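Structure file final-v8.cif (mmCIF, C-alpha atoms) is printed below.
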data_start
loop_
_atom_site.group_PDB
_atom_site.id
_atom_site.type_symbol
_atom_site.label_atom_id
_atom_site.label_comp_id
_atom_site.auth_asym_id
_atom_site.auth_seq_id
_atom_site.Cartn_x
_atom_site.Cartn_y
_atom_site.Cartn_z
ATOM 1 C CA MET A 1 0.000 0.000 0.000
ATOM 2 C CA ALA A 2 1.301 3.440 -0.899
ATOM 3 C CA GLU A 3 2.539 5.620 1.907
ATOM 4 C CA ASP A 4 -0.063 8.292 1.289
ATOM 5 C CA GLN A 5 -2.751 5.656 1.640
ATOM 6 C CA LEU A 6 -1.185 4.659 4.970
ATOM 7 C CA SER A 7 -1.236 8.322 6.005
ATOM 8 C CA ARG A 8 -4.921 8.471 5.103
ATOM 9 C CA THR A 9 -5.547 5.385 7.198
ATOM 10 C CA PHE A 10 -3.726 6.843 10.208
ATOM 11 C CA ALA A 11 -5.396 10.213 9.753
ATOM 12 C CA ALA A 12 -8.785 8.524 9.650
ATOM 13 C CA LEU A 13 -7.921 6.563 12.783
ATOM 14 C CA ALA A 14 -6.734 9.664 14.638
ATOM 15 C CA ASP A 15 -10.243 10.899 15.420
ATOM 16 C CA PRO A 16 -12.036 9.455 18.479
ATOM 17 C CA THR A 17 -15.481 9.607 16.854
ATOM 18 C CA ARG A 18 -14.242 7.698 13.833
ATOM 19 C CA ARG A 19 -12.610 5.087 16.047
ATOM 20 C CA ALA A 20 -15.887 4.696 17.924
ATOM 21 C CA ILE A 21 -17.681 4.240 14.610
ATOM 22 C CA LEU A 22 -15.177 1.577 13.551
ATOM 23 C CA ALA A 23 -15.523 -0.174 16.899
ATOM 24 C CA ARG A 24 -19.289 -0.242 16.423
ATOM 25 C CA LEU A 25 -18.890 -1.603 12.886
ATOM 26 C CA ALA A 26 -16.629 -4.360 14.208
ATOM 27 C CA ASP A 27 -19.874 -5.804 15.631
ATOM 28 C CA GLY A 28 -21.557 -5.748 12.232
ATOM 29 C CA GLU A 29 -22.903 -3.428 9.575
ATOM 30 C CA ALA A 30 -24.986 -0.412 10.541
ATOM 31 C CA THR A 31 -26.870 2.472 8.972
ATOM 32 C CA VAL A 32 -25.907 6.109 9.362
ATOM 33 C CA ASN A 33 -28.800 6.574 11.790
ATOM 34 C CA GLU A 34 -27.652 3.672 13.935
ATOM 35 C CA LEU A 35 -24.083 4.933 13.906
ATOM 36 C CA ALA A 36 -25.144 8.464 14.807
ATOM 37 C CA ALA A 37 -27.310 7.395 17.755
ATOM 38 C CA PRO A 38 -24.586 7.353 20.464
ATOM 39 C CA PHE A 39 -23.172 10.713 19.414
ATOM 40 C CA ASP A 40 -24.327 14.197 20.175
ATOM 41 C CA MET A 41 -23.867 15.345 16.599
ATOM 42 C CA SER A 42 -25.869 15.819 13.448
ATOM 43 C CA LEU A 43 -26.316 13.151 10.796
ATOM 44 C CA GLN A 44 -24.393 15.440 8.469
ATOM 45 C CA ALA A 45 -21.421 15.479 10.849
ATOM 46 C CA VAL A 46 -21.517 11.697 11.131
ATOM 47 C CA SER A 47 -21.775 11.409 7.356
ATOM 48 C CA LYS A 48 -18.661 13.528 7.061
ATOM 49 C CA HIS A 49 -16.769 11.126 9.323
ATOM 50 C CA LEU A 50 -18.062 8.202 7.281
ATOM 51 C CA LYS A 51 -16.775 9.826 4.123
ATOM 52 C CA VAL A 52 -13.276 10.099 5.641
ATOM 53 C CA LEU A 53 -13.400 6.452 6.677
ATOM 54 C CA GLU A 54 -14.631 5.451 3.238
ATOM 55 C CA GLN A 55 -11.853 7.390 1.482
ATOM 56 C CA ALA A 56 -9.307 5.720 3.754
ATOM 57 C CA GLY A 57 -10.737 2.392 2.639
ATOM 58 C CA LEU A 58 -11.677 1.471 6.191
ATOM 59 C CA ILE A 59 -15.364 1.094 5.461
ATOM 60 C CA THR A 60 -17.520 0.279 2.487
ATOM 61 C CA ARG A 61 -21.109 1.318 2.002
ATOM 62 C CA GLY A 62 -23.971 -0.668 0.600
ATOM 63 C CA ARG A 63 -25.707 0.219 -2.654
ATOM 64 C CA ASP A 64 -29.186 0.477 -1.156
ATOM 65 C CA ALA A 65 -29.869 4.133 -1.976
ATOM 66 C CA GLN A 66 -31.983 4.724 1.096
ATOM 67 C CA TYR A 67 -29.997 3.010 3.850
ATOM 68 C CA ARG A 68 -26.483 2.484 2.468
ATOM 69 C CA PRO A 69 -25.367 0.367 5.425
ATOM 70 C CA CYS A 70 -21.718 0.745 6.426
ATOM 71 C CA ARG A 71 -19.342 -2.167 6.821
ATOM 72 C CA LEU A 72 -15.866 -2.332 8.296
ATOM 73 C CA ASP A 73 -13.277 -3.348 5.697
ATOM 74 C CA ALA A 74 -10.893 -5.079 8.052
ATOM 75 C CA ALA A 75 -8.223 -5.654 5.392
ATOM 76 C CA ALA A 76 -7.562 -1.914 5.237
ATOM 77 C CA LEU A 77 -6.384 -1.982 8.847
ATOM 78 C CA GLN A 78 -3.657 -4.488 8.059
ATOM 79 C CA PRO A 79 -1.046 -2.094 6.596
ATOM 80 C CA ALA A 80 -1.395 0.131 9.655
ATOM 81 C CA ALA A 81 -1.002 -2.889 11.919
ATOM 82 C CA ASP A 82 2.040 -4.037 9.889
ATOM 83 C CA TRP A 83 3.679 -0.634 10.188
ATOM 84 C CA ILE A 84 3.209 -0.633 13.937
ATOM 85 C CA GLU A 85 4.604 -4.150 14.139
ATOM 86 C CA ARG A 86 7.770 -3.103 12.282
ATOM 87 C CA HIS A 87 8.361 -0.309 14.760
ATOM 88 C CA ARG A 88 7.671 -2.595 17.672
ATOM 89 C CA HIS A 89 10.372 -4.986 16.448
ATOM 90 C CA LEU A 90 12.857 -2.135 16.048
ATOM 91 C CA TRP A 91 12.383 -0.966 19.611
ATOM 92 C CA VAL A 92 12.407 -4.441 21.138
ATOM 93 C CA ALA A 93 15.725 -5.059 19.351
ATOM 94 C CA ARG A 94 17.014 -1.710 20.566
ATOM 95 C CA PHE A 95 16.214 -2.486 24.190
ATOM 96 C CA ASP A 96 17.786 -5.924 23.881
ATOM 97 C CA GLN A 97 20.966 -4.312 22.633
ATOM 98 C CA LEU A 98 20.867 -1.679 25.362
ATOM 99 C CA GLU A 99 20.915 -4.511 27.860
ATOM 100 C CA GLN A 100 23.989 -6.008 26.186
ATOM 101 C CA HIS A 101 25.615 -2.594 26.131
ATOM 102 C CA LEU A 102 25.001 -2.134 29.857
ATOM 103 C CA GLN A 103 26.517 -5.532 30.542
ATOM 104 C CA ALA A 104 29.583 -4.535 28.572
ATOM 105 C CA LEU A 105 29.807 -1.292 30.539
ATOM 106 C CA GLN A 106 29.501 -3.090 33.830
ATOM 107 C CA ARG A 107 31.907 -5.900 33.089
ATOM 108 C CA PRO A 108 34.924 -4.524 35.041
ATOM 109 C CA PRO A 109 33.315 -4.759 38.492
ATOM 110 C CA HIS A 110 35.115 -2.124 40.570
ATOM 111 C CA GLN A 111 34.893 0.941 38.418
ATOM 112 C CA PRO A 112 32.071 3.457 38.376
ATOM 113 C CA VAL A 113 29.872 2.407 35.518
ATOM 114 C CA ALA A 114 28.983 5.735 34.022
ATOM 115 C CA ASP A 115 32.527 7.083 33.821
ATOM 116 C CA GLN A 116 34.028 4.202 31.955
ATOM 117 C CA PRO A 117 35.106 4.596 28.385
ATOM 118 C CA VAL A 118 32.990 2.446 26.185
ATOM 119 C CA ALA A 119 34.934 -0.384 24.632
ATOM 120 C CA ASP A 120 34.353 -0.702 20.947
ATOM 121 C CA GLN A 121 33.283 -4.297 20.831
ATOM 122 C CA PRO A 122 32.765 -6.117 17.589
ATOM 123 C CA ARG A 123 29.196 -6.990 16.928
ATOM 124 C CA HIS A 124 28.520 -10.101 14.942
ATOM 125 C CA LYS A 125 25.331 -9.430 13.228
ATOM 126 C CA GLU A 126 23.179 -11.107 10.721
ATOM 127 C CA ARG A 127 21.221 -9.594 7.962
ATOM 128 C CA PRO A 128 17.783 -8.554 9.162
ATOM 129 C CA SER A 129 15.022 -10.808 7.996
ATOM 130 C CA MET B 1 10.268 -6.942 27.858
ATOM 131 C CA ASN B 2 6.618 -6.286 27.687
ATOM 132 C CA ALA B 3 5.703 -4.798 24.363
ATOM 133 C CA SER B 4 2.122 -4.440 23.419
ATOM 134 C CA ALA B 5 0.177 -2.630 20.794
ATOM 135 C CA ALA B 6 -2.229 -1.253 23.381
ATOM 136 C CA ASN B 7 -4.240 -0.010 20.471
ATOM 137 C CA LEU B 8 -3.533 0.864 16.869
ATOM 138 C CA GLY B 9 -1.181 3.820 16.801
ATOM 139 C CA GLU B 10 0.260 3.379 20.280
ATOM 140 C CA LEU B 11 3.050 1.271 21.657
ATOM 141 C CA THR B 12 4.253 0.806 25.208
ATOM 142 C CA TYR B 13 7.412 -0.970 26.287
ATOM 143 C CA THR B 14 8.409 -1.535 29.886
ATOM 144 C CA ARG B 15 11.766 -2.967 30.778
ATOM 145 C CA ILE B 16 13.804 -3.202 33.976
ATOM 146 C CA TYR B 17 17.579 -2.758 33.806
ATOM 147 C CA HIS B 18 20.238 -3.366 36.399
ATOM 148 C CA ALA B 19 21.547 0.177 36.145
ATOM 149 C CA THR B 20 20.773 3.567 37.628
ATOM 150 C CA PRO B 21 18.521 6.112 35.923
ATOM 151 C CA ASP B 22 21.587 8.284 35.406
ATOM 152 C CA VAL B 23 23.435 5.605 33.433
ATOM 153 C CA LEU B 24 20.381 4.809 31.336
ATOM 154 C CA PHE B 25 19.659 8.448 30.658
ATOM 155 C CA ARG B 26 23.244 8.892 29.487
ATOM 156 C CA CYS B 27 22.962 5.813 27.275
ATOM 157 C CA MET B 28 20.014 7.425 25.541
ATOM 158 C CA THR B 29 21.521 10.888 25.199
ATOM 159 C CA GLU B 30 25.243 10.374 24.511
ATOM 160 C CA PRO B 31 26.327 9.265 21.018
ATOM 161 C CA GLU B 32 29.211 7.126 22.321
ATOM 162 C CA HIS B 33 26.618 4.989 24.105
ATOM 163 C CA LEU B 34 23.801 5.170 21.579
ATOM 164 C CA THR B 35 26.017 3.895 18.778
ATOM 165 C CA HIS B 36 26.189 0.519 20.566
ATOM 166 C CA PHE B 37 22.508 -0.289 20.678
ATOM 167 C CA TRP B 38 20.443 2.034 18.490
ATOM 168 C CA GLY B 39 20.425 -0.169 15.405
ATOM 169 C CA PRO B 40 18.682 -3.532 15.583
ATOM 170 C CA THR B 41 20.504 -6.732 14.613
ATOM 171 C CA GLY B 42 22.195 -6.320 11.249
ATOM 172 C CA VAL B 43 22.034 -2.547 11.394
ATOM 173 C CA SER B 44 24.722 -0.225 12.779
ATOM 174 C CA THR B 45 24.531 3.393 13.824
ATOM 175 C CA PRO B 46 27.991 4.954 13.279
ATOM 176 C CA ILE B 47 28.793 7.566 15.880
ATOM 177 C CA ALA B 48 29.525 10.089 13.118
ATOM 178 C CA ASN B 49 25.879 9.792 12.114
ATOM 179 C CA ILE B 50 24.501 10.723 15.530
ATOM 180 C CA THR B 51 23.467 14.223 16.556
ATOM 181 C CA ILE B 52 22.067 14.681 20.058
ATOM 182 C CA ASP B 53 21.295 18.155 21.336
ATOM 183 C CA ALA B 54 19.484 17.134 24.508
ATOM 184 C CA ARG B 55 17.303 20.107 25.277
ATOM 185 C CA PRO B 56 13.784 21.068 24.259
ATOM 186 C CA GLY B 57 13.849 22.006 20.577
ATOM 187 C CA GLY B 58 17.250 20.336 20.124
ATOM 188 C CA ALA B 59 17.961 17.884 17.346
ATOM 189 C CA PHE B 60 18.057 14.117 17.797
ATOM 190 C CA GLU B 61 19.233 12.645 14.523
ATOM 191 C CA THR B 62 20.675 9.283 13.603
ATOM 192 C CA ILE B 63 21.414 7.393 10.423
ATOM 193 C CA MET B 64 21.256 3.647 10.787
ATOM 194 C CA VAL B 65 23.198 1.681 8.180
ATOM 195 C CA ASN B 66 22.328 -1.813 7.031
ATOM 196 C CA ASP B 67 25.466 -3.915 7.561
ATOM 197 C CA ALA B 68 24.688 -6.104 4.567
ATOM 198 C CA ASP B 69 24.010 -3.619 1.793
ATOM 199 C CA GLY B 70 24.836 -0.180 3.203
ATOM 200 C CA ALA B 71 21.253 1.039 2.968
ATOM 201 C CA GLU B 72 20.719 4.059 5.210
ATOM 202 C CA TYR B 73 17.741 4.677 7.481
ATOM 203 C CA PRO B 74 17.778 8.261 8.736
ATOM 204 C CA MET B 75 15.795 9.427 11.738
ATOM 205 C CA ARG B 76 15.136 13.108 12.276
ATOM 206 C CA ALA B 77 13.631 13.894 15.645
ATOM 207 C CA VAL B 78 13.330 16.945 17.868
ATOM 208 C CA PHE B 79 13.417 16.851 21.656
ATOM 209 C CA VAL B 80 10.244 18.088 23.297
ATOM 210 C CA GLU B 81 11.132 17.427 26.912
ATOM 211 C CA VAL B 82 14.493 16.667 28.540
ATOM 212 C CA VAL B 83 14.539 16.115 32.309
ATOM 213 C CA ALA B 84 17.731 14.313 33.356
ATOM 214 C CA PRO B 85 17.675 11.569 34.486
ATOM 215 C CA GLU B 86 13.915 11.091 34.536
ATOM 216 C CA ARG B 87 12.294 11.722 31.224
ATOM 217 C CA LEU B 88 12.927 12.179 27.519
ATOM 218 C CA VAL B 89 10.344 13.051 24.903
ATOM 219 C CA PHE B 90 11.042 13.462 21.201
ATOM 220 C CA THR B 91 8.980 13.655 18.050
ATOM 221 C CA GLU B 92 9.746 12.478 14.535
ATOM 222 C CA PRO B 93 7.657 14.741 12.344
ATOM 223 C CA ASP B 94 8.563 13.190 9.013
ATOM 224 C CA VAL B 95 8.422 9.516 9.765
ATOM 225 C CA GLU B 96 5.721 7.753 7.774
ATOM 226 C CA GLY B 97 2.704 8.147 10.002
ATOM 227 C CA GLY B 98 4.737 10.326 12.400
ATOM 228 C CA MET B 99 5.746 9.383 15.892
ATOM 229 C CA THR B 100 6.246 10.784 19.375
ATOM 230 C CA THR B 101 8.337 8.800 21.839
ATOM 231 C CA SER B 102 8.307 9.365 25.605
ATOM 232 C CA ILE B 103 10.872 7.538 27.697
ATOM 233 C CA THR B 104 10.530 7.601 31.479
ATOM 234 C CA PHE B 105 13.248 6.327 33.799
ATOM 235 C CA VAL B 106 11.830 5.137 37.138
ATOM 236 C CA ASP B 107 14.360 4.549 39.929
ATOM 237 C CA LEU B 108 13.355 1.321 41.679
ATOM 238 C CA GLY B 109 15.683 2.187 44.565
ATOM 239 C CA ASP B 110 17.719 -1.023 44.499
ATOM 240 C CA GLY B 111 20.122 -0.204 41.696
ATOM 241 C CA ARG B 112 17.530 -1.089 39.114
ATOM 242 C CA THR B 113 15.587 1.212 36.838
ATOM 243 C CA GLU B 114 12.330 0.680 35.035
ATOM 244 C CA VAL B 115 12.393 2.193 31.569
ATOM 245 C CA ARG B 116 8.949 2.939 30.215
ATOM 246 C CA THR B 117 8.670 3.873 26.589
ATOM 247 C CA HIS B 118 5.431 5.102 25.176
ATOM 248 C CA GLN B 119 4.931 5.924 21.521
ATOM 249 C CA THR B 120 2.140 7.457 19.582
ATOM 250 C CA ASN B 121 2.494 6.899 15.881
ATOM 251 C CA VAL B 122 -0.188 8.997 14.314
ATOM 252 C CA PRO B 123 0.692 12.619 13.642
ATOM 253 C CA GLU B 124 -2.817 13.887 14.297
ATOM 254 C CA MET B 125 -2.717 12.117 17.601
ATOM 255 C CA PHE B 126 -0.091 14.387 19.020
ATOM 256 C CA ARG B 127 -1.344 17.501 17.248
ATOM 257 C CA SER B 128 -4.822 17.263 18.688
ATOM 258 C CA PRO B 129 -5.377 17.124 22.478
ATOM 259 C CA GLU B 130 -8.895 15.748 22.139
ATOM 260 C CA ALA B 131 -7.580 12.991 19.918
ATOM 261 C CA GLN B 132 -5.067 12.100 22.619
ATOM 262 C CA ALA B 133 -7.759 12.074 25.286
ATOM 263 C CA GLY B 134 -9.985 9.869 23.192
ATOM 264 C CA MET B 135 -7.369 7.337 22.226
ATOM 265 C CA GLN B 136 -7.815 4.903 25.085
ATOM 266 C CA THR B 137 -11.561 4.463 24.998
ATOM 267 C CA SER B 138 -13.123 3.239 21.823
ATOM 268 C CA PHE B 139 -9.936 1.845 20.397
ATOM 269 C CA ASP B 140 -9.596 -1.114 22.708
ATOM 270 C CA ARG B 141 -12.345 -3.054 21.014
ATOM 271 C CA LEU B 142 -11.054 -2.178 17.589
ATOM 272 C CA GLU B 143 -7.606 -3.398 18.541
ATOM 273 C CA ALA B 144 -9.057 -6.675 19.772
ATOM 274 C CA TYR B 145 -10.825 -7.003 16.489
ATOM 275 C CA ALA B 146 -7.828 -6.068 14.351
ATOM 276 C CA SER B 147 -5.526 -8.433 16.193
ATOM 277 C CA ALA B 148 -7.858 -11.295 15.353
ATOM 278 C CA LEU B 149 -7.672 -10.631 11.603
#
Can you give me the file's structure in the form of structure tokens?
Amino acid sequence: MAEDQLSRTFAALADPTRRAILARLADGEATVNELAAPFDMSLQAVSKHLKVLEQAGLITRGRDAQYRPCRLDAAALQPAADWIERHRHLWVARFDQLEQHLQALQRPPHQPVADQPVADQPRHKERPS
Amino acid sequence: MNASAANLGELTYTRIYHATPDVLFRCMTEPEHLTHFWGPTGVSTPIANITIDARPGGAFETIMVNDADGAEYPMRAVFVEVVAPERLVFTEPDVEGGMTTSITFVDLGDGRTEVRTHQTNVPEMFRSPEAQAGMQTSFDRLEAYASAL
């Protein structure tokens, strides 16, 4: 998925009303009236949110001209979830390596840890998968 | 390490180290330390590629280099909050999706320190206070749903 599409997905997800709408749609399809019920806002305002969600590909709307029920398109969430997962891996790896670095710092037992020069230790690394 | 996608767009990591907050804070803010752990496996962060101006508005920039093919992964961040040795906050305005990272160093009083890292990935999330306030609520169910996909 193109990066600008991912930005649209995140932008759509950034609004609490839109997230509430998506959470409701996770339970099944709903009409604009049903979606608007829990909110203190006009149908027009809710429709505007639905349009943003639709443009982000997060929901689809039925063809029934009168009701046009909304459905969550779960597949559109996947790129956002993948992106988050990549960052999660980066930071987990970072904190693992910080632990190794601290161990290296602390290896000579009787010197103050923070004032020690950092030994330039070789790191045997493998290509990231 | 506990790492969880508490909801889409947010990440929290909590980890306990056998080191003082001061040492950990220095590891995060001094290039000669950062160079040893900033890149994940297979990726190095040469010290020449690290800029750390640890004060609000100061630059925090790194270029990670893939050991295998030399590909470079730059990070351009700006410090928002710097309270040694307790807390660091920086934002990456031009990362895809954007990201703010808050790192809190909690002294456990026995030579250990809990490092809590909290990230929000969506630019609008840190631009809009009401978006921040609303993040926790309705998103939990959506996350449960998305994780089951």
Let me make sure I understand: among B:Glu30, B:Glu92, B:Glu72, B:Asp22, which one has the smallest atom-to-atom distance to chain A if we use only C-alpha atoms?
B:Asp22
Residues within 10 Å of Glu54 in chain A, please, as number ranges by chain. Count all atoms listed in the file; anything in the same chain fewer than 5 positions from it doesn't count.
A: 9, 12, 48-49, 59-61, 70-73
For Arg87 in chain B: contacts at 8 Å, all atoms listed in the file, fewer than 4 positions along chain excluded, given as a ChimeraX atom specification
/B:81-83,102-105
What would the selection look like, as a count of residues only, if the PyMOL selection byres ((chain B and resi 118) around 7) were run on the coordinates I just shared?
10
On this file, the PyMOL selection byres ((chain B and resi 34) around 10) gives some set of residues; write that set as an MDAnalysis selection string.
(chainID A and resid 94 97:98 101) or (chainID B and resid 26:33 35:39 45:47 50 52 62)
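For the set A:Arg18, A:Lys51, A:Arg107, A:Arg63, the residue with the smallest atom-to-atom gap to chain B is A:Arg18, counting all atoms listed in the file.
Our summary of the geometry notes that CA of Phe39 in chain A is positioned 8.2 Å from CA of Thr17 in chain A.
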Between A:Pro79, A:Pro69, A:Gly62, A:Gly57, which has the minimum distance to chain B (counting only C-alpha atoms)?
A:Pro79
Work out how far CA of Thr20 in chain B is from CA of Gly111 in chain B, in Å to one decimal.
5.6 Å
Pull out every residue that the PyMOL selection byres ((chain B and resi 16) around 6) matches in the shown coordinates and put them as a short mmCIF file (atom, residue, chain, number, x, y, z; two decimals) with C-alpha atoms, in the frame of the given file.
data_model
loop_
_atom_site.label_atom_id
_atom_site.label_comp_id
_atom_site.auth_asym_id
_atom_site.auth_seq_id
_atom_site.Cartn_x
_atom_site.Cartn_y
_atom_site.Cartn_z
CA ARG B 15 11.77 -2.97 30.78
CA TYR B 17 17.58 -2.76 33.81
CA THR B 113 15.59 1.21 36.84
CA GLU B 114 12.33 0.68 35.03
#
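Nearest to Arg8 in chain A of all the residues A:Ala80, A:Trp91, A:Glu99, A:Ala65 is A:Ala80, based on only C-alpha atoms.
Residues lying within 9 Å of (-5.5, 1.3, 6.1). Counted over all atoms listed in the file, they are A:Met1, A:Gln5, A:Leu6, A:Ser7, A:Arg8, A:Thr9, A:Phe10, A:Ala12, A:Leu13, A:Ala56, A:Gly57, A:Leu58, A:Ala74, A:Ala75, A:Ala76, A:Leu77, A:Gln78, A:Pro79, A:Ala80, A:Ala81.
Between Phe95 in chain A and the residues B:Val115, B:Arg76, B:Thr100, B:Phe60, the shortest atom-to-atom distance, using only C-alpha atoms, involves B:Val115.
For the pair CA of Glu61 in chain B and CA of Met75 in chain B, the interatomic distance is 5.5 Å.
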